[in-house]
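> Got a file for you: coords-v3.pdb, PDB, C-alpha atoms.
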```
ATOM      1  CA  MET P   1     109.473  36.969 -41.654
ATOM      2  CA  SER P   2     111.883  34.160 -42.288
ATOM      3  CA  ALA P   3     114.644  36.647 -41.631
ATOM      4  CA  THR P   4     113.896  36.230 -37.955
ATOM      5  CA  LEU P   5     114.070  32.430 -38.022
ATOM      6  CA  ARG P   6     117.859  32.110 -37.741
ATOM      7  CA  PRO P   7     118.256  34.720 -34.965
ATOM      8  CA  TYR P   8     115.287  33.203 -33.133
ATOM      9  CA  LEU P   9     116.730  29.699 -33.189
ATOM     10  CA  ASN P  10     120.160  30.990 -32.237
ATOM     11  CA  ALA P  11     118.750  32.912 -29.301
ATOM     12  CA  VAL P  12     116.892  29.813 -28.127
ATOM     13  CA  ARG P  13     120.011  27.704 -28.561
ATOM     14  CA  HIS P  14     122.183  30.056 -26.515
ATOM     15  CA  THR P  15     119.573  30.344 -23.782
ATOM     16  CA  LEU P  16     119.158  26.588 -23.609
ATOM     17  CA  SER P  17     122.896  26.001 -23.414
ATOM     18  CA  ALA P  18     123.061  28.466 -20.552
ATOM     19  CA  ALA P  19     120.057  27.025 -18.737
ATOM     20  CA  MET P  20     120.838  23.346 -19.131
ATOM     21  CA  CYS P  21     123.314  23.162 -16.265
ATOM     22  CA  LEU P  22     121.629  20.516 -14.170
ATOM     23  CA  HIS P  23     122.797  18.939 -10.999
ATOM     24  CA  ASN P  24     121.454  16.057  -8.989
ATOM     25  CA  PHE P  25     119.483  17.354  -6.032
ATOM     26  CA  ASN P  26     117.440  15.285  -3.627
ATOM     27  CA  SER P  27     114.127  16.601  -2.439
ATOM     28  CA  GLN P  28     114.430  18.899   0.554
ATOM     29  CA  VAL P  29     110.858  18.281   1.573
ATOM     30  CA  VAL P  30     110.542  14.521   1.448
ATOM     31  CA  GLU P  31     113.244  12.141   2.578
ATOM     32  CA  ARG P  32     114.814   9.850  -0.010
ATOM     33  CA  HIS P  33     112.841  11.398  -2.840
ATOM     34  CA  ASN P  34     114.278  12.972  -5.954
ATOM     35  CA  LYS P  35     111.845  15.168  -7.847
ATOM     36  CA  PRO P  36     112.283  17.597 -10.735
ATOM     37  CA  GLU P  37     112.163  20.887  -8.874
ATOM     38  CA  VAL P  38     110.715  22.824 -11.781
ATOM     39  CA  GLU P  39     107.589  20.690 -11.533
ATOM     40  CA  VAL P  40     107.288  20.621  -7.772
ATOM     41  CA  ARG P  41     108.137  24.301  -7.236
ATOM     42  CA  SER P  42     108.270  23.875  -3.484
ATOM     43  CA  SER P  43     111.409  25.875  -2.669
ATOM     44  CA  LYS P  44     112.045  29.308  -4.118
ATOM     45  CA  GLU P  45     115.807  29.078  -3.891
ATOM     46  CA  LEU P  46     115.953  26.126  -6.273
ATOM     47  CA  LEU P  47     114.129  27.854  -9.108
ATOM     48  CA  MET P  48     115.797  30.200 -11.547
ATOM     49  CA  THR P  49     114.263  33.049 -13.492
ATOM     50  CA  ALA P  50     111.869  31.835 -16.165
ATOM     51  CA  VAL P  51     112.705  33.379 -19.498
ATOM     52  CA  VAL P  52     110.801  33.842 -22.765
ATOM     53  CA  VAL P  53     112.278  34.098 -26.240
ATOM     54  CA  SER P  54     109.739  35.261 -28.760
ATOM     55  CA  ARG P  55     109.883  35.579 -32.522
ATOM     56  CA  ASN P  56     106.565  37.414 -32.783
ATOM     57  CA  GLU P  57     103.298  37.502 -30.888
ATOM     58  CA  LYS P  58     102.391  33.960 -31.902
ATOM     59  CA  GLU P  59     105.666  32.067 -31.664
ATOM     60  CA  LYS P  60     107.580  31.895 -28.438
ATOM     61  CA  VAL P  61     109.510  29.576 -26.205
ATOM     62  CA  LEU P  62     109.280  29.585 -22.411
ATOM     63  CA  ILE P  63     112.321  28.240 -20.605
ATOM     64  CA  GLU P  64     111.976  27.547 -16.888
ATOM     65  CA  PRO P  65     115.242  26.353 -15.369
ATOM     66  CA  SER P  66     115.834  25.001 -11.893
ATOM     67  CA  ILE P  67     118.621  23.197 -10.153
ATOM     68  CA  ASN P  68     117.916  19.703 -11.398
ATOM     69  CA  SER P  69     115.471  20.151 -14.228
ATOM     70  CA  ILE P  70     114.437  22.448 -17.030
ATOM     71  CA  ARG P  71     111.058  22.841 -18.646
ATOM     72  CA  ILE P  72     110.879  24.087 -22.228
ATOM     73  CA  SER P  73     107.465  25.049 -23.582
ATOM     74  CA  ILE P  74     106.997  25.901 -27.240
ATOM     75  CA  SER P  75     104.202  27.861 -28.812
ATOM     76  CA  ILE P  76     103.919  26.940 -32.484
ATOM     77  CA  LYS P  77     102.805  29.224 -35.276
ATOM     78  CA  GLN P  78      99.223  28.422 -36.253
ATOM     79  CA  ALA P  79      97.963  30.733 -38.924
ATOM     80  CA  ASP P  80      94.465  29.370 -39.564
ATOM     81  CA  ASP P  81      91.958  26.782 -38.404
ATOM     82  CA  ILE P  82      93.409  23.900 -40.411
ATOM     83  CA  GLU P  83      96.848  24.485 -38.954
ATOM     84  CA  ARG P  84      95.374  24.750 -35.485
ATOM     85  CA  ILE P  85      93.663  21.391 -35.801
ATOM     86  CA  LEU P  86      96.687  19.744 -37.397
ATOM     87  CA  CYS P  87      99.022  21.127 -34.752
ATOM     88  CA  HIS P  88      96.759  20.049 -31.943
ATOM     89  CA  LYS P  89      96.413  16.510 -33.282
ATOM     90  CA  PHE P  90     100.085  16.179 -34.060
ATOM     91  CA  MET P  91     101.124  17.345 -30.600
ATOM     92  CA  ARG P  92      98.588  15.044 -28.997
ATOM     93  CA  PHE P  93      99.958  12.135 -31.006
ATOM     94  CA  MET P  94     103.439  12.789 -29.716
ATOM     95  CA  MET P  95     102.438  13.523 -26.151
ATOM     96  CA  MET P  96     100.576  10.248 -25.876
ATOM     97  CA  ARG P  97     103.849   8.517 -26.714
ATOM     98  CA  ALA P  98     105.829  10.671 -24.324
ATOM     99  CA  GLU P  99     107.486   7.702 -22.656
ATOM    100  CA  ASN P 100     109.268   6.733 -25.814
ATOM    101  CA  PHE P 101     110.254  10.297 -26.369
ATOM    102  CA  ILE P 102     111.920  10.387 -22.935
ATOM    103  CA  ILE P 103     112.159  14.145 -22.557
ATOM    104  CA  LEU P 104     108.612  15.026 -23.585
ATOM    105  CA  ARG P 105     106.035  16.139 -21.046
ATOM    106  CA  ARG P 106     102.596  14.538 -21.258
ATOM    107  CA  LYS P 107     100.742  17.809 -20.989
ATOM    108  CA  PRO P 108     101.831  21.163 -22.336
ATOM    109  CA  VAL P 109     102.188  24.057 -19.969
ATOM    110  CA  GLN P 110      99.183  26.388 -19.945
ATOM    111  CA  GLY P 111      99.334  28.726 -22.918
ATOM    112  CA  TYR P 112     101.752  26.655 -24.979
ATOM    113  CA  ASP P 113     101.466  23.785 -27.435
ATOM    114  CA  ILE P 114     104.093  21.336 -26.296
ATOM    115  CA  SER P 115     106.480  21.021 -23.375
ATOM    116  CA  PHE P 116     109.736  19.218 -22.712
ATOM    117  CA  LEU P 117     110.985  18.265 -19.283
ATOM    118  CA  ILE P 118     114.723  17.556 -19.096
ATOM    119  CA  THR P 119     116.166  16.389 -15.798
ATOM    120  CA  ASN P 120     119.719  15.892 -14.597
ATOM    121  CA  PHE P 121     119.360  12.178 -15.221
ATOM    122  CA  HIS P 122     118.773  12.881 -18.891
ATOM    123  CA  THR P 123     121.789  15.151 -19.125
ATOM    124  CA  GLU P 124     123.869  12.492 -17.419
ATOM    125  CA  GLN P 125     122.926   9.900 -19.999
ATOM    126  CA  MET P 126     122.773  12.099 -23.081
ATOM    127  CA  PHE P 127     125.009  14.838 -24.423
ATOM    128  CA  LYS P 128     123.859  18.289 -23.414
ATOM    129  CA  HIS P 129     124.707  19.872 -26.735
ATOM    130  CA  LYS P 130     122.866  17.100 -28.528
ATOM    131  CA  LEU P 131     119.772  17.689 -26.417
ATOM    132  CA  VAL P 132     119.871  21.357 -27.330
ATOM    133  CA  ASP P 133     120.386  20.416 -30.996
ATOM    134  CA  PHE P 134     117.385  18.147 -30.774
ATOM    135  CA  VAL P 135     115.077  20.824 -29.393
ATOM    136  CA  ILE P 136     116.160  23.303 -32.049
ATOM    137  CA  HIS P 137     115.756  20.701 -34.787
ATOM    138  CA  PHE P 138     112.324  19.885 -33.417
ATOM    139  CA  MET P 139     111.280  23.512 -33.609
ATOM    140  CA  GLU P 140     112.454  23.766 -37.220
ATOM    141  CA  GLU P 141     110.877  20.523 -38.355
ATOM    142  CA  ILE P 142     107.487  21.065 -36.733
ATOM    143  CA  ASP P 143     106.713  24.076 -38.860
ATOM    144  CA  LYS P 144     107.737  22.217 -42.015
ATOM    145  CA  GLU P 145     105.724  19.140 -41.124
ATOM    146  CA  ILE P 146     102.588  21.091 -40.359
ATOM    147  CA  SER P 147     102.850  22.943 -43.674
ATOM    148  CA  GLU P 148     103.359  19.624 -45.478
ATOM    149  CA  MET P 149     100.356  18.121 -43.754
ATOM    150  CA  LYS P 150      98.253  21.130 -44.631
ATOM    151  CA  LEU P 151      99.239  20.820 -48.299
ATOM    152  CA  ALA P 152      98.440  17.111 -48.206
ATOM    153  CA  VAL P 153      95.024  17.786 -46.698
ATOM    154  CA  ASN P 154      94.242  20.395 -49.331
ATOM    155  CA  ALA P 155      95.461  18.163 -52.158
ATOM    156  CA  ARG P 156      93.370  15.259 -50.918
ATOM    157  CA  ALA P 157      90.325  17.465 -50.542
ATOM    158  CA  ARG P 158      90.759  18.691 -54.101
ATOM    159  CA  GLU P 159      91.099  15.166 -55.456
ATOM    160  CA  CYS P 160      87.993  14.035 -53.616
ATOM    161  CA  ALA P 161      85.994  16.993 -54.799
ATOM    162  CA  MET P 162      87.088  16.455 -58.408
ATOM    163  CA  GLU P 163      86.200  12.766 -58.372
ATOM    164  CA  TYR P 164      82.878  13.472 -56.784
ATOM    165  CA  LEU P 165      81.932  16.290 -59.086
ATOM    166  CA  LYS P 166      82.850  14.254 -62.194
ATOM    167  CA  ARG P 167      79.528  12.585 -61.782
ATOM    168  CA  PHE P 168      77.657  15.769 -62.357
TER     169      PHE P 168
ATOM    170  CA  MET O 169      86.683   8.701  50.259
ATOM    171  CA  PRO O 170      89.282  11.453  49.890
ATOM    172  CA  MET O 171      90.908   9.492  47.040
ATOM    173  CA  MET O 172      87.658   9.406  45.140
ATOM    174  CA  ILE O 173      87.152  13.135  45.417
ATOM    175  CA  GLN O 174      90.642  13.711  44.165
ATOM    176  CA  GLU O 175      90.028  11.481  41.187
ATOM    177  CA  MET O 176      86.838  13.337  40.451
ATOM    178  CA  MET O 177      88.708  16.591  40.453
ATOM    179  CA  TRP O 178      91.165  15.438  37.814
ATOM    180  CA  THR O 179      88.802  13.679  35.448
ATOM    181  CA  ARG O 180      86.499  15.528  33.141
ATOM    182  CA  PRO O 181      83.412  14.150  31.437
ATOM    183  CA  PRO O 182      84.777  11.894  28.689
ATOM    184  CA  GLN O 183      83.115  13.734  25.815
ATOM    185  CA  GLN O 184      84.805  17.049  26.519
ATOM    186  CA  ALA O 185      88.243  15.607  27.108
ATOM    187  CA  MET O 186      88.385  13.461  24.001
ATOM    188  CA  ALA O 187      86.576  15.820  21.639
ATOM    189  CA  LYS O 188      88.863  18.708  22.302
ATOM    190  CA  ASN O 189      91.829  16.673  21.258
ATOM    191  CA  THR O 190      90.660  14.927  18.136
ATOM    192  CA  PHE O 191      87.681  16.794  16.669
ATOM    193  CA  SER O 192      89.549  19.593  15.075
ATOM    194  CA  SER O 193      92.189  18.690  12.511
ATOM    195  CA  GLU O 194      92.994  22.272  11.602
ATOM    196  CA  PHE O 195      96.539  21.815  12.772
ATOM    197  CA  ARG O 196      97.149  19.588   9.790
ATOM    198  CA  ASN O 197      96.707  22.539   7.457
ATOM    199  CA  ILE O 198      99.427  24.649   8.976
ATOM    200  CA  ASP O 199     102.611  24.829   6.911
ATOM    201  CA  VAL O 200     105.144  24.115   9.621
ATOM    202  CA  ASP O 201     108.087  24.724   7.310
ATOM    203  CA  GLN O 202     107.507  28.445   7.238
ATOM    204  CA  TYR O 203     108.450  28.696  10.887
ATOM    205  CA  ASN O 204     111.727  26.941  10.346
ATOM    206  CA  GLU O 205     114.606  29.342  11.021
ATOM    207  CA  ASP O 206     116.707  27.859   8.245
ATOM    208  CA  ASN O 207     114.203  28.858   5.627
ATOM    209  CA  TYR O 208     115.510  30.677   2.596
ATOM    210  CA  LYS O 209     114.257  34.228   2.464
ATOM    211  CA  ASP O 210     114.594  35.949  -0.832
ATOM    212  CA  ASP O 211     115.648  39.375   0.345
ATOM    213  CA  ASP O 212     117.610  39.415   3.551
ATOM    214  CA  GLY O 213     117.296  42.862   4.988
ATOM    215  CA  GLU O 214     116.351  44.969   2.029
ATOM    216  CA  PRO O 215     114.581  48.011   3.342
ATOM    217  CA  GLN O 216     116.605  50.212   1.030
ATOM    218  CA  SER O 217     114.522  52.715  -0.842
ATOM    219  CA  PRO O 218     114.341  51.906  -4.541
ATOM    220  CA  PRO O 219     116.618  54.006  -6.722
ATOM    221  CA  ILE O 220     114.580  56.737  -8.298
ATOM    222  CA  GLY O 221     114.165  55.771 -11.900
ATOM    223  CA  VAL O 222     115.321  58.108 -14.564
ATOM    224  CA  ASP O 223     112.634  60.564 -15.447
ATOM    225  CA  GLU O 224     111.023  60.258 -18.833
ATOM    226  CA  ALA O 225     111.663  63.765 -20.039
ATOM    227  CA  THR O 226     115.447  63.358 -19.846
ATOM    228  CA  ILE O 227     115.284  60.179 -21.870
ATOM    229  CA  VAL O 228     113.015  61.655 -24.500
ATOM    230  CA  SER O 229     115.228  64.696 -24.888
ATOM    231  CA  LEU O 230     118.319  62.517 -25.229
ATOM    232  CA  MET O 231     116.608  60.366 -27.828
ATOM    233  CA  ASN O 232     115.455  63.369 -29.801
ATOM    234  CA  ALA O 233     119.018  64.615 -29.794
ATOM    235  CA  GLY O 234     119.981  61.268 -31.326
ATOM    236  CA  ASN O 235     122.028  60.347 -28.299
ATOM    237  CA  HIS O 236     120.691  56.846 -27.776
ATOM    238  CA  ALA O 237     123.900  55.578 -26.216
ATOM    239  CA  ASP O 238     123.720  57.953 -23.299
ATOM    240  CA  ALA O 239     120.001  57.412 -22.829
ATOM    241  CA  LEU O 240     120.591  53.683 -22.616
ATOM    242  CA  LYS O 241     123.532  54.019 -20.229
ATOM    243  CA  LEU O 242     121.516  56.262 -17.954
ATOM    244  CA  LEU O 243     118.653  53.788 -17.873
ATOM    245  CA  LEU O 244     120.938  50.818 -17.258
ATOM    246  CA  ALA O 245     122.802  52.574 -14.462
ATOM    247  CA  ASN O 246     119.581  53.419 -12.637
ATOM    248  CA  ALA O 247     117.719  50.206 -13.279
ATOM    249  CA  PRO O 248     115.407  49.326 -10.359
ATOM    250  CA  VAL O 249     116.592  45.792  -9.648
ATOM    251  CA  ALA O 250     114.828  43.966  -6.858
ATOM    252  CA  SER O 251     113.680  40.437  -6.100
ATOM    253  CA  LYS O 252     110.524  39.150  -7.647
ATOM    254  CA  GLY O 253     107.405  40.951  -6.511
ATOM    255  CA  LYS O 254     109.091  44.040  -5.133
ATOM    256  CA  ASN O 255     108.983  47.407  -6.752
ATOM    257  CA  GLU O 256     106.993  46.190  -9.732
ATOM    258  CA  GLN O 257     105.717  49.604 -10.662
ATOM    259  CA  ALA O 258     109.119  51.229 -10.971
ATOM    260  CA  LYS O 259     110.347  48.185 -12.860
ATOM    261  CA  ASP O 260     107.512  48.430 -15.374
ATOM    262  CA  MET O 261     108.086  52.125 -15.975
ATOM    263  CA  ALA O 262     111.790  51.575 -16.445
ATOM    264  CA  LEU O 263     111.075  48.674 -18.792
ATOM    265  CA  ASN O 264     108.889  50.832 -21.016
ATOM    266  CA  LEU O 265     111.590  53.461 -21.312
ATOM    267  CA  VAL O 266     114.312  50.947 -22.035
ATOM    268  CA  LEU O 267     112.221  49.244 -24.701
ATOM    269  CA  LYS O 268     111.528  52.587 -26.286
ATOM    270  CA  VAL O 269     115.236  53.298 -26.554
ATOM    271  CA  LEU O 270     116.155  49.785 -27.703
ATOM    272  CA  LEU O 271     113.565  49.733 -30.448
ATOM    273  CA  SER O 272     114.566  53.101 -31.811
ATOM    274  CA  VAL O 273     118.244  52.343 -32.257
ATOM    275  CA  ASN O 274     119.217  51.200 -35.739
ATOM    276  CA  LYS O 275     121.528  48.303 -36.440
ATOM    277  CA  SER O 276     124.591  50.290 -37.289
ATOM    278  CA  GLN O 277     124.642  52.002 -33.935
ATOM    279  CA  MET O 278     124.078  48.836 -31.907
ATOM    280  CA  ASP O 279     127.655  47.574 -32.119
ATOM    281  CA  GLN O 280     128.994  50.913 -31.050
ATOM    282  CA  ILE O 281     126.682  51.166 -28.058
ATOM    283  CA  ILE O 282     127.401  47.637 -26.924
ATOM    284  CA  SER O 283     131.139  48.042 -27.081
ATOM    285  CA  SER O 284     130.859  51.043 -24.800
ATOM    286  CA  LEU O 285     129.057  49.121 -22.053
ATOM    287  CA  ASP O 286     130.817  47.316 -19.237
ATOM    288  CA  LYS O 287     130.056  43.843 -17.875
ATOM    289  CA  THR O 288     127.394  44.768 -15.339
ATOM    290  CA  GLN O 289     125.617  47.010 -17.798
ATOM    291  CA  LEU O 290     125.617  44.194 -20.360
ATOM    292  CA  ASP O 291     123.983  41.911 -17.811
ATOM    293  CA  VAL O 292     121.263  44.434 -17.036
ATOM    294  CA  LEU O 293     120.747  44.994 -20.755
ATOM    295  CA  MET O 294     120.336  41.269 -21.295
ATOM    296  CA  LYS O 295     117.755  41.176 -18.506
ATOM    297  CA  TYR O 296     115.820  43.921 -20.227
ATOM    298  CA  ILE O 297     116.023  42.123 -23.563
ATOM    299  CA  TYR O 298     114.452  39.027 -22.060
ATOM    300  CA  ARG O 299     111.753  41.069 -20.406
ATOM    301  CA  GLY O 300     111.123  42.730 -23.735
ATOM    302  CA  PHE O 301     110.547  39.320 -25.282
ATOM    303  CA  GLU O 302     107.711  38.753 -22.841
ATOM    304  CA  ARG O 303     105.614  41.433 -24.396
ATOM    305  CA  PRO O 304     106.060  41.225 -28.140
ATOM    306  CA  SER O 305     104.608  43.968 -30.275
ATOM    307  CA  GLU O 306     104.884  44.604 -33.985
ATOM    308  CA  GLY O 307     108.408  43.966 -35.083
ATOM    309  CA  SER O 308     109.779  44.398 -31.581
ATOM    310  CA  SER O 309     110.903  40.798 -31.302
ATOM    311  CA  ALA O 310     112.894  40.993 -34.503
ATOM    312  CA  ILE O 311     114.923  43.937 -33.216
ATOM    313  CA  LEU O 312     115.273  42.367 -29.794
ATOM    314  CA  LEU O 313     116.586  39.215 -31.424
ATOM    315  CA  ILE O 314     119.310  41.228 -33.114
ATOM    316  CA  TRP O 315     120.121  42.918 -29.814
ATOM    317  CA  HIS O 316     120.231  39.513 -28.125
ATOM    318  CA  GLU O 317     122.701  38.171 -30.651
ATOM    319  CA  LYS O 318     125.000  41.154 -30.361
ATOM    320  CA  VAL O 319     124.934  41.236 -26.585
ATOM    321  CA  TYR O 320     125.609  37.491 -26.553
ATOM    322  CA  ASN O 321     128.615  37.993 -28.794
ATOM    323  CA  ALA O 322     129.904  40.587 -26.368
ATOM    324  CA  GLY O 323     128.925  38.971 -23.083
ATOM    325  CA  GLY O 324     129.059  35.254 -23.831
ATOM    326  CA  VAL O 325     127.066  32.448 -22.207
ATOM    327  CA  GLY O 326     127.903  33.865 -18.788
ATOM    328  CA  CYS O 327     125.753  36.877 -19.514
ATOM    329  CA  ILE O 328     122.705  34.669 -20.010
ATOM    330  CA  VAL O 329     123.555  32.525 -16.984
ATOM    331  CA  ARG O 330     123.682  35.620 -14.804
ATOM    332  CA  VAL O 331     120.267  36.667 -16.057
ATOM    333  CA  LEU O 332     118.847  33.268 -15.125
ATOM    334  CA  THR O 333     120.422  32.999 -11.698
ATOM    335  CA  ASP O 334     120.326  36.529 -10.369
ATOM    336  CA  ARG O 335     117.578  36.852  -7.791
ATOM    337  CA  LYS O 336     117.466  40.577  -8.317
ATOM    338  CA  ARG O 337     115.150  40.835 -11.281
ATOM    339  CA  VAL O 338     114.790  43.873 -13.436
TER     340      VAL O 338
END
```
Would you give me this structure, written as structure tokens?


Amino acid sequence: MSATLRPYLNAVRHTLSAAMCLHNFNSQVVERHNKPEVEVRSSKELLMTAVVVSRNEKEKVLIEPSINSIRISISIKQADDIERILCHKFMRFMMMRAENFIILRRKPVQGYDISFLITNFHTEQMFKHKLVDFVIHFMEEIDKEISEMKLAVNARARECAMEYLKRF
Amino acid sequence: MPMMIQEMMWTRPPQQAMAKNTFSSEFRNIDVDQYNEDNYKDDDGEPQSPPIGVDEATIVSLMNAGNHADALKLLLANAPVASKGKNEQAKDMALNLVLKVLLSVNKSQMDQIISSLDKTQLDVLMKYIYRGFERPSEGSSAILLIWHEKVYNAGGVGCIVRVLTDRKRV
């Protein structure tokens, strides 16, 4: 299973590098407005083909590029109920602080756990290859953190149970 | 007197005149932009009949003979590419065949097959790989990931960019 991790992350990295070619583009529909086209989806010619990279049925990444913005949605591996709850709470924690995160989207795209929205303004201020590195790093770390949290929960539960049952 | 009659001819009872103009606001729901001549249309003049996909029996016989390279080339050459929404049925059938071939090739043959493909065929192959990712089945993604890496090594970033920007989807 972990044999697919490296190829998966590499595939995502290459696809992101290809898709993250963003260009400032004012709104065609409303004067003097500048909106991320991938969110507005008003003009077909500004949207590029949305692409999925999947590692298995549970883990996949949806990349929706457009002329001035790109939306990256990640579906995280959740093997059982505990992981589902932990993942959900963790993602919610981060999404509530999306402003500090800068590139995070406040709500995940339907069917996925977390979404990033990167616009041309972000790529102008930050290095493109660093943004890609960040997303890949994020994907790697999330799995580790959720496993760590799960172990911590189980360890705590065991401690509590032991202390409690000492009385009997 | 004649003036008054003339006036009466031109004026209508107030209710009818005003109501007709302002009661209905249906016009606000019309999307005026669609009537704009400058509008981008996805497929300008594409009444061409879709290329007849390769028939399954040929592919199966080629695969049974162990000739995956030719099966793949045949499928890539006759891929039904069209803009989104057109020709979905042919596209799906072609996709199934291509996935069948891709998943049955073993790693050692992949390099050989890829080196025998030219640029356009690599692009079409990459499109199929991405479409294959959309419907993962047991172990399919792992093989597709290996394919993706090898095609990337051969085609470079440009291959992926062409997949993203080409309006003719596979």

> Rounded to one decimal place, report the CA of Cys21 (chain P)-CA of Arg71 (chain P) distance in Å.

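Value for the CA of Cys21 (chain P)-CA of Arg71 (chain P) distance: 12.5 Å.
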
> Please list as number ranges by chain every residue within 9 Å of Cys327 (chain O), counting all atoms listed in the file and excluding residues in the same chain fewer than 2 positions away.

P: 18; O: 287, 290-291, 294, 319-320, 322-325, 329-332

> Enumerate, in order of chain and increasing residue number, the residues of chain P with an atom no farther than 6 Å from chain O, each with its shortest atom pair and distance in Å to one decimal, counting all atoms listed in the file, as a Markdown table.


```
| residue | atom | partner | partner_atom | distance |
| --- | --- | --- | --- | --- |
| P:Thr4 | CA | O:Ala310 | CA | 6.0 |
| P:Pro7 | CA | O:Leu313 | CA | 6.0 |
| P:Ala18 | CA | O:Val329 | CA | 5.4 |
| P:Met48 | CA | O:Thr333 | CA | 5.4 |
| P:Thr49 | CA | O:Leu332 | CA | 4.9 |
| P:Val52 | CA | O:Glu302 | CA | 5.8 |
| P:Val53 | CA | O:Phe301 | CA | 5.6 |
| P:Ser54 | CA | O:Phe301 | CA | 5.4 |
| P:Arg55 | CA | O:Ser309 | CA | 5.5 |
| P:Asn56 | CA | O:Ser309 | CA | 5.7 |
| P:Glu57 | CA | O:Pro304 | CA | 5.4 |
```

> Can you work out the spacing between CA of Val61 (chain P) and CA of Ile74 (chain P) in Å, to one decimal?

4.6 Å

> Running the PyMOL selection byres ((chain P and resi 136) around 12) on this model by hand, what would come out? Give it as a PDB file with C-alpha atoms, keeping the file's coordinate frame.


```
ATOM      1  CA  LEU P   5     114.070  32.430 -38.022  1.00  0.00           C
ATOM      2  CA  ARG P   6     117.859  32.110 -37.741  1.00  0.00           C
ATOM      3  CA  PRO P   7     118.256  34.720 -34.965  1.00  0.00           C
ATOM      4  CA  TYR P   8     115.287  33.203 -33.133  1.00  0.00           C
ATOM      5  CA  LEU P   9     116.730  29.699 -33.189  1.00  0.00           C
ATOM      6  CA  ASN P  10     120.160  30.990 -32.237  1.00  0.00           C
ATOM      7  CA  ALA P  11     118.750  32.912 -29.301  1.00  0.00           C
ATOM      8  CA  VAL P  12     116.892  29.813 -28.127  1.00  0.00           C
ATOM      9  CA  ARG P  13     120.011  27.704 -28.561  1.00  0.00           C
ATOM     10  CA  HIS P  14     122.183  30.056 -26.515  1.00  0.00           C
ATOM     11  CA  THR P  15     119.573  30.344 -23.782  1.00  0.00           C
ATOM     12  CA  LEU P  16     119.158  26.588 -23.609  1.00  0.00           C
ATOM     13  CA  SER P  17     122.896  26.001 -23.414  1.00  0.00           C
ATOM     14  CA  VAL P  61     109.510  29.576 -26.205  1.00  0.00           C
ATOM     15  CA  ILE P  72     110.879  24.087 -22.228  1.00  0.00           C
ATOM     16  CA  ILE P  74     106.997  25.901 -27.240  1.00  0.00           C
ATOM     17  CA  HIS P 129     124.707  19.872 -26.735  1.00  0.00           C
ATOM     18  CA  LYS P 130     122.866  17.100 -28.528  1.00  0.00           C
ATOM     19  CA  LEU P 131     119.772  17.689 -26.417  1.00  0.00           C
ATOM     20  CA  VAL P 132     119.871  21.357 -27.330  1.00  0.00           C
ATOM     21  CA  ASP P 133     120.386  20.416 -30.996  1.00  0.00           C
ATOM     22  CA  PHE P 134     117.385  18.147 -30.774  1.00  0.00           C
ATOM     23  CA  VAL P 135     115.077  20.824 -29.393  1.00  0.00           C
ATOM     24  CA  HIS P 137     115.756  20.701 -34.787  1.00  0.00           C
ATOM     25  CA  PHE P 138     112.324  19.885 -33.417  1.00  0.00           C
ATOM     26  CA  MET P 139     111.280  23.512 -33.609  1.00  0.00           C
ATOM     27  CA  GLU P 140     112.454  23.766 -37.220  1.00  0.00           C
ATOM     28  CA  GLU P 141     110.877  20.523 -38.355  1.00  0.00           C
ATOM     29  CA  ILE P 142     107.487  21.065 -36.733  1.00  0.00           C
ATOM     30  CA  ASP P 143     106.713  24.076 -38.860  1.00  0.00           C
TER      31      ASP P 143
END
```

> Tell me which of O:Val200, O:Val228, O:Val266, O:Ala258 sits closest to Leu243 (chain O), counting all atoms listed in the file.

O:Val266

> Name the closest residue to Asn274 (chain O) among the candidates O:His236, O:Lys241, O:Lys254, O:Lys259; distances are taken between atoms, counting only C-alpha atoms.

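Using only C-alpha atoms, the shortest distance to Asn274 (chain O) belongs to O:His236.
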
> In Å, rounded to a single decimal, give me how far CA of Gly253 (chain O) is from CA of Leu270 (chain O).

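Separating CA of Leu270 (chain O) from CA of Gly253 (chain O) is a distance of 24.6 Å.
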
> What do you get, as number ranges by chain, if you spell out every residue that the PyMOL selection byres ((chain P and resi 112) around 8) selects here?

P: 73-76, 108-111, 113-115

> Given 3 Å on each side, where is the centre and what are the edge lengths in Å to one decimal of the axis-aligned box enclosing the listed atoms of region 125-141 of chain P, as AutoDock Vina command-line options?


```
--center_x 117.9 --center_y 16.8 --center_z -29.2 --size_x 20.1 --size_y 19.9 --size_z 24.4
```

> Considering only C-alpha atoms, can you say which of P:Arg158, P:Lys107, P:Leu165, P:Leu47 comes closest to Ala19 (chain P)?

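Of P:Arg158, P:Lys107, P:Leu165, P:Leu47, the one nearest Ala19 (chain P) is P:Leu47, counting only C-alpha atoms.
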
> Given the file above and the PyMOL selection byres ((chain P and resi 94-96) around 12), which residues are selected, and can you give them as a count of residues only?

26

> Considering all atoms listed in the file, state which residue in the set P:His23, P:Ser69, P:Glu83, P:Glu45 is at the smallest distance from Glu145 (chain P).

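Selected residue with least distance to Glu145 (chain P): P:Glu83.
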